[in-house]
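Peer 1: This structure is in C-alpha cells; I'll ask about it shortly.
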Amino acid sequence: MSNERRVLVHADAEALAASITARFLTKIIDLLDERERINVVLEGGRMGVRVLETINASPARDGVDWSRVHFWWCDERWVPAGDDDRNDTKARRALLDHIDQPADCVHAFAASDEGLTLEEAAAAYSDELAAHAEGDSSLPTFDITFLGVGPDGHTASLFPDRAEISEREANVVAVLNAPKPPPERLSLTRHVLNSSQRIWVEMSGADKASVLGLALAGAAYTEVPIAGIKGRKRTVFFVDDAAASEVPEHLIAPDY
Ligand SMILES: O=C(O)[C@H](O)[C@@H](O)[C@H](O)[C@H](O)COP(=O)(O)O
C-alpha cells in the first residue's frame with residue numbers, strides 16, 4: 001500500500017468498528033514483535049469510543065500485552081477529572097479500565113480541577129511527550145494515531161480558520177472559544193499528528209461525506225484541517241458508506 005491517503009469503505013458503523021478493531025489488534029501484535037513499547041494516540045469522537053468498546057468486547061483483547069502499549073490523546077476537553085465529557089473518561093470506561101496494564105501506560109491530559117491553568121496544562125503535556133521521546137525527537141514514536149473528523153473538517157481540536165491549525169512551534173496548544181463544545185480544550189498540533197507512523201481516520205455518517213470529499217480532493221488544511229494530516233508511513237480513512245458518498249472512486253481502496 002502506498003503512502004497516499006487510502007479509503008476503506010464499510011457498509012455501516014457496526015462493520016466499520018469491527019474492521020478497525022480487527023486491523024488494530026492484528027497491527028499492534030505485529031508491532032509488539034518489532035518494538036518493546038508502542039504508542040497509540042486516541043481520539044474522543046463517537047466512532048473512536050465505539051472502536052474502543054469493540055476492542056474491549058473482542059476475544060482477542062487479552063492476547064495483547066497491554067503493559068507494552070502506551071495510550072495518549074490527540075486532544076482533551078478542559079473539564080474536571082472524571083467528567084463524562086473528557087475523552088480519557090470515555091476511553092477508560094470503554095476499554096482502559098478493563099485491560100491489564102500499569103497506570104503509567106496511560107498519558108492523560110491534566111483536568112481543569114487539578115490546579116493548572118489551561119496554558120500550564122498544555123505545557124505539562126508537552127513535557128510528558130518529551131519525557132517519553134524516542135531517538136532525536138522531542139516526541140514518542142506514535143505507531144498509530146486515531147483521529148475523528150467533525151462536519152467542519154476539524155480534527156483533534158484543530159478547527160478551520162483558526163491559529164492553532166497553523167501552529168508550527170508548540171507541540172500542544174490551548175484552545176479557547178472552540179466551535180465544538182466545550183469551548184476550552186487542549187490539542188496536539190498538526191506537525192505532532194503528522195509525526196505519527198500511521199494515521200487512522202474514523203468517519204461514520206452522512207454528515208461527514210462533504211468534508212471527506214473536500215479533504216481527499218485537496219482542500220486547504222487551514223479551511224479543512226483533516227486535509228493537512230498525513231502519516232509518515234500510512235494514512236487510512238476508515239469510513240462507512242454514508243460518509244463515503246462523495247469520495248472520488250479512484251481513491252477507494254479495493255476490497256481486500
Ligand atoms: O474531542 C473531540 O471532540 C474529538 O477529538 C473530536 O475531534 C472528534 O473526534 C470529532 O469532533 C468527531 O467527533 P464525532 O465522531 O463524535 O462526530
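Ordering of the C-alpha cells sets the chain letters (A, B, ...), residue numbers begin anew at 1 in every chain, and ligands are numbered from 1 in the order given.
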Which residues come within 8 Å of Asp12 (chain A), counting only C-alpha atoms, excluding same-chain residues fewer than 3 positions away, as a list in words?

Peer 2: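 Contacts, in chain order: Ala15, Leu16, Ser204, Asp240, Asp241 and Ala242 of chain A.
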
Peer 1: Could you tell me, counting only C-alpha atoms and all ligand atoms, which protein and nucleic acid residues lie no more than 7 Å from ligand 1, written as a PyMOL selection string?

Peer 2: chain A and resi 43-48+74-77+87+147-150+154-157+180+203

Peer 1: Within 9 Å of Pro102 (chain A), counting only C-alpha atoms, which residues show up once you throw out same-chain ones fewer than 3 positions away? Write them as a ChimeraX atom specification, please.

Peer 2: /A:66-67,105-106

Peer 1: Please return, as a ChimeraX atom specification, all residues of region 66-208 of chain A that DSSP assigns to strand (DSSP E) on the basis of the backbone.

Peer 2: /A:69-73,75-77,142-147,172-175,185-188,198-203

Peer 1: Okay, now the selection with N, CA and C atoms, as a short mmCIF file (atom, residue, chain, number, x, y, z; two decimals), in the first residue's frame?

Peer 2:
```cif
data_model
loop_
_atom_site.label_atom_id
_atom_site.label_comp_id
_atom_site.auth_asym_id
_atom_site.auth_seq_id
_atom_site.Cartn_x
_atom_site.Cartn_y
_atom_site.Cartn_z
N VAL A 69 1.86 -1.22 25.74
CA VAL A 69 1.11 -0.30 24.88
C VAL A 69 0.82 0.97 25.67
N HIS A 70 1.34 2.10 25.24
CA HIS A 70 1.10 3.38 25.90
C HIS A 70 0.03 4.16 25.13
N PHE A 71 -0.92 4.71 25.89
CA PHE A 71 -2.01 5.46 25.29
C PHE A 71 -1.87 6.95 25.56
N TRP A 72 -2.08 7.71 24.51
CA TRP A 72 -2.06 9.17 24.56
C TRP A 72 -3.37 9.66 23.95
N TRP A 73 -3.62 10.98 24.00
CA TRP A 73 -4.81 11.53 23.35
C TRP A 73 -4.43 12.62 22.37
N ASP A 75 -6.41 15.08 21.76
CA ASP A 75 -6.95 16.30 22.37
C ASP A 75 -7.74 15.95 23.62
N GLU A 76 -8.14 16.98 24.33
CA GLU A 76 -8.91 16.76 25.56
C GLU A 76 -9.75 18.01 25.84
N ARG A 77 -10.84 17.77 26.49
CA ARG A 77 -11.72 18.90 26.85
C ARG A 77 -11.33 19.41 28.24
N PHE A 142 4.77 7.72 17.64
CA PHE A 142 3.36 7.33 17.63
C PHE A 142 3.15 6.29 16.53
N ASP A 143 2.89 5.07 16.94
CA ASP A 143 2.75 3.98 15.96
C ASP A 143 1.41 4.06 15.22
N ILE A 144 0.36 4.34 15.96
CA ILE A 144 -0.97 4.53 15.35
C ILE A 144 -1.62 5.73 16.04
N THR A 145 -2.09 6.68 15.26
CA THR A 145 -2.86 7.80 15.78
C THR A 145 -4.27 7.74 15.21
N PHE A 146 -5.25 7.55 16.08
CA PHE A 146 -6.65 7.59 15.66
C PHE A 146 -7.11 9.05 15.63
N LEU A 147 -7.89 9.39 14.61
CA LEU A 147 -8.46 10.74 14.54
C LEU A 147 -9.91 10.66 14.11
N VAL A 172 1.80 21.20 21.78
CA VAL A 172 0.46 21.14 22.37
C VAL A 172 -0.07 22.57 22.50
N VAL A 173 -1.31 22.79 22.16
CA VAL A 173 -1.88 24.15 22.25
C VAL A 173 -3.14 24.15 23.14
N ALA A 174 -3.33 25.30 23.78
CA ALA A 174 -4.57 25.57 24.50
C ALA A 174 -5.54 26.18 23.48
N VAL A 175 -6.77 25.70 23.47
CA VAL A 175 -7.78 26.18 22.51
C VAL A 175 -8.89 26.87 23.29
N ARG A 185 -10.21 23.70 25.34
CA ARG A 185 -9.67 22.38 25.02
C ARG A 185 -8.14 22.42 24.98
N LEU A 186 -7.57 21.22 24.86
CA LEU A 186 -6.13 21.09 24.64
C LEU A 186 -5.97 20.20 23.41
N SER A 187 -4.96 20.46 22.61
CA SER A 187 -4.80 19.67 21.38
C SER A 187 -3.33 19.52 20.99
N LEU A 188 -3.03 18.32 20.46
CA LEU A 188 -1.76 18.17 19.75
C LEU A 188 -1.84 19.02 18.49
N ARG A 198 1.43 6.01 11.52
CA ARG A 198 0.17 5.67 10.86
C ARG A 198 -0.94 6.59 11.38
N ILE A 199 -1.68 7.15 10.47
CA ILE A 199 -2.87 7.93 10.83
C ILE A 199 -4.07 7.08 10.43
N TRP A 200 -4.93 6.80 11.36
CA TRP A 200 -6.17 6.06 11.09
C TRP A 200 -7.34 6.97 11.40
N VAL A 201 -8.00 7.44 10.36
CA VAL A 201 -9.12 8.36 10.50
C VAL A 201 -10.41 7.55 10.53
N GLU A 202 -11.27 7.86 11.46
CA GLU A 202 -12.51 7.10 11.65
C GLU A 202 -13.69 8.02 11.38
N MET A 203 -14.47 7.72 10.31
CA MET A 203 -15.57 8.61 9.95
C MET A 203 -16.82 7.81 9.63
#
```

Peer 1: Run DSSP on the backbone and tell me which residues of region 62-99 of chain A come out as helix (DSSP H, G or I); list them as a PyMOL selection string.

Peer 2: chain A and resi 62-63+66-68+87-94+96-98

Peer 1: What does the distance between CA of Ile99 (chain A) and CA of Asp83 (chain A) come to in Å, to one decimal place?

Peer 2: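 The value is 20.9 Å.
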
Peer 1: Between CA of Ala22 (chain A) and CA of Pro140 (chain A), what is the distance, to one decimal in Å?

Peer 2: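 Answer for the CA of Ala22 (chain A) to CA of Pro140 (chain A) separation: 24.5 Å.
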
Peer 1: So that I can check the surroundings of region 51-58 of chain A, please list as a ChimeraX atom specification every protein, DNA and RNA residue that reaches within 7 Å of it, counting only C-alpha atoms and ignoring chain neighbours fewer than 2 positions away.

Peer 2: /A:17-18,20-21,47-49,60-61,91,94-95

Peer 1: Using C-alpha atoms, can you export the residues from the last selection as a short mmCIF file (atom, residue, chain, number, x, y, z; two decimals), in the first residue's frame?

Peer 2:
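Output saved as part-v5.cif:
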```
data_model
loop_
_atom_site.label_atom_id
_atom_site.label_comp_id
_atom_site.auth_asym_id
_atom_site.auth_seq_id
_atom_site.Cartn_x
_atom_site.Cartn_y
_atom_site.Cartn_z
CA ALA A 17 -15.96 -0.57 14.12
CA ALA A 18 -15.44 -4.31 13.64
CA ILE A 20 -10.94 -1.13 12.66
CA THR A 21 -10.86 -3.39 15.73
CA MET A 47 -16.64 6.24 16.46
CA GLY A 48 -13.42 6.43 18.43
CA VAL A 49 -15.24 5.36 21.59
CA ALA A 60 -8.50 -11.28 21.01
CA ARG A 61 -8.30 -8.47 23.58
CA ALA A 91 -11.73 5.69 26.87
CA ALA A 94 -14.82 1.74 27.06
CA LEU A 95 -11.52 -0.15 27.36
#
```

Peer 1: List the spatial neighbours of region 62-64 of chain A as a PDB file with N, CA and C atoms, in the first residue's frame - criterion: any atom at most 12 Å away, only C-alpha atoms, same-chain residues fewer than 5 positions off excluded.

Peer 2:
```
ATOM      1  N   PHE A  24      -6.663  -3.205  14.077  1.00  0.00           N
ATOM      2  CA  PHE A  24      -5.867  -2.643  15.174  1.00  0.00           C
ATOM      3  C   PHE A  24      -5.206  -3.758  15.987  1.00  0.00           C
ATOM      4  N   LEU A  25      -5.989  -4.738  16.382  1.00  0.00           N
ATOM      5  CA  LEU A  25      -5.430  -5.814  17.219  1.00  0.00           C
ATOM      6  C   LEU A  25      -4.346  -6.576  16.467  1.00  0.00           C
ATOM      7  N   THR A  26      -4.571  -6.822  15.182  1.00  0.00           N
ATOM      8  CA  THR A  26      -3.556  -7.504  14.372  1.00  0.00           C
ATOM      9  C   THR A  26      -2.288  -6.667  14.266  1.00  0.00           C
ATOM     10  N   LYS A  27      -2.471  -5.367  14.003  1.00  0.00           N
ATOM     11  CA  LYS A  27      -1.313  -4.490  13.795  1.00  0.00           C
ATOM     12  C   LYS A  27      -0.499  -4.339  15.076  1.00  0.00           C
ATOM     13  N   ILE A  28      -1.155  -4.166  16.220  1.00  0.00           N
ATOM     14  CA  ILE A  28      -0.346  -3.945  17.429  1.00  0.00           C
ATOM     15  C   ILE A  28       0.380  -5.217  17.858  1.00  0.00           C
ATOM     16  N   ILE A  29      -0.213  -6.363  17.574  1.00  0.00           N
ATOM     17  CA  ILE A  29       0.508  -7.618  17.887  1.00  0.00           C
ATOM     18  C   ILE A  29       1.749  -7.735  16.993  1.00  0.00           C
ATOM     19  N   ASP A  30       1.593  -7.363  15.721  1.00  0.00           N
ATOM     20  CA  ASP A  30       2.761  -7.354  14.813  1.00  0.00           C
ATOM     21  C   ASP A  30       3.810  -6.342  15.289  1.00  0.00           C
ATOM     22  N   LEU A  31       3.356  -5.150  15.680  1.00  0.00           N
ATOM     23  CA  LEU A  31       4.296  -4.109  16.111  1.00  0.00           C
ATOM     24  C   LEU A  31       5.036  -4.531  17.381  1.00  0.00           C
ATOM     25  N   LEU A  32       4.346  -5.220  18.268  1.00  0.00           N
ATOM     26  CA  LEU A  32       4.977  -5.651  19.516  1.00  0.00           C
ATOM     27  C   LEU A  32       6.002  -6.756  19.284  1.00  0.00           C
ATOM     28  N   ASP A  33       5.936  -7.367  18.092  1.00  0.00           N
ATOM     29  CA  ASP A  33       7.007  -8.304  17.725  1.00  0.00           C
ATOM     30  C   ASP A  33       8.284  -7.546  17.357  1.00  0.00           C
ATOM     31  N   ILE A  38       4.957   0.306  22.287  1.00  0.00           N
ATOM     32  CA  ILE A  38       4.324   1.061  21.206  1.00  0.00           C
ATOM     33  C   ILE A  38       3.435   2.148  21.802  1.00  0.00           C
ATOM     34  N   ILE A  55     -13.067  -3.206  20.738  1.00  0.00           N
ATOM     35  CA  ILE A  55     -11.807  -3.855  21.130  1.00  0.00           C
ATOM     36  C   ILE A  55     -11.993  -4.578  22.457  1.00  0.00           C
ATOM     37  N   ASN A  56     -12.653  -3.899  23.395  1.00  0.00           N
ATOM     38  CA  ASN A  56     -12.856  -4.493  24.719  1.00  0.00           C
ATOM     39  C   ASN A  56     -13.677  -5.773  24.630  1.00  0.00           C
ATOM     40  N   ALA A  57     -14.620  -5.818  23.697  1.00  0.00           N
ATOM     41  CA  ALA A  57     -15.502  -6.992  23.558  1.00  0.00           C
ATOM     42  C   ALA A  57     -14.855  -8.107  22.740  1.00  0.00           C
ATOM     43  N   VAL A  69       1.859  -1.223  25.741  1.00  0.00           N
ATOM     44  CA  VAL A  69       1.109  -0.297  24.877  1.00  0.00           C
ATOM     45  C   VAL A  69       0.816   0.967  25.674  1.00  0.00           C
ATOM     46  N   LEU A  95     -12.568   0.865  27.471  1.00  0.00           N
ATOM     47  CA  LEU A  95     -11.519  -0.155  27.361  1.00  0.00           C
ATOM     48  C   LEU A  95     -10.499  -0.125  28.490  1.00  0.00           C
ATOM     49  N   HIS A  98     -10.574  -1.961  31.716  1.00  0.00           N
ATOM     50  CA  HIS A  98     -10.874  -3.407  31.640  1.00  0.00           C
ATOM     51  C   HIS A  98      -9.682  -4.230  31.196  1.00  0.00           C
ATOM     52  N   ILE A  99      -8.556  -3.576  30.914  1.00  0.00           N
ATOM     53  CA  ILE A  99      -7.372  -4.332  30.463  1.00  0.00           C
ATOM     54  C   ILE A  99      -6.300  -4.273  31.546  1.00  0.00           C
ATOM     55  N   ASP A 100      -5.403  -5.251  31.471  1.00  0.00           N
ATOM     56  CA  ASP A 100      -4.367  -5.380  32.478  1.00  0.00           C
ATOM     57  C   ASP A 100      -3.153  -4.561  32.048  1.00  0.00           C
ATOM     58  N   GLN A 101      -3.044  -3.346  32.607  1.00  0.00           N
ATOM     59  CA  GLN A 101      -1.855  -2.548  32.263  1.00  0.00           C
ATOM     60  C   GLN A 101      -1.552  -1.565  33.400  1.00  0.00           C
TER      61      GLN A 101
END
```

Peer 1: Mind running region 59-80 of chain A against region 109-126 of chain A at 7 Å and telling me each contacting residue's nearest atom pair with the distance in Å (one decimal), counting only C-alpha atoms, chain and number ascending, as a Markdown table?

Peer 2:
```
| residue | atom | partner | partner_atom | distance |
| --- | --- | --- | --- | --- |
| A:Glu76 | CA | A:Phe109 | CA | 6.6 |
| A:Trp78 | CA | A:Ser112 | CA | 5.4 |
| A:Val79 | CA | A:Ser112 | CA | 5.0 |
| A:Pro80 | CA | A:Ser112 | CA | 4.9 |
```

Peer 1: Between CA of Pro183 (chain A) and CA of Lys208 (chain A), what is the distance, to one decimal in Å?

Peer 2: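 Spanning CA of Pro183 (chain A) to CA of Lys208 (chain A) is a straight-line distance of 21.5 Å.
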
Peer 1: Please provide as a VMD selection string all residues within 10 Å of Ser19 (chain A), with the sequence filter that same-chain residues fewer than 6 positions apart are discarded (counting only C-alpha atoms).

Peer 2: chain A and resid 8 to 10 13 51 54 238

Peer 1: When you look at Ser166 (chain A) with a cut-off of 9 Å (counting only C-alpha atoms), what residues show up, excluding the ones that are within fewer than 4 positions of it in the same chain? I need them as JSON, numbers by chain.

Peer 2: {"A": [162, 189, 190, 221, 222]}

Peer 1: Okay, now the selection with C-alpha atoms, as a compact mmCIF listing (two decimals), in the first residue's frame?

Peer 2:
```txt
# COMPACT_ATOMS: atom_id res chain seq x y z
CA ARG A 162 -8.06 29.33 13.49
CA THR A 189 -0.69 20.33 16.83
CA ARG A 190 -0.57 19.38 13.15
CA TYR A 221 -5.78 22.43 5.51
CA THR A 222 -6.41 25.81 7.07
```
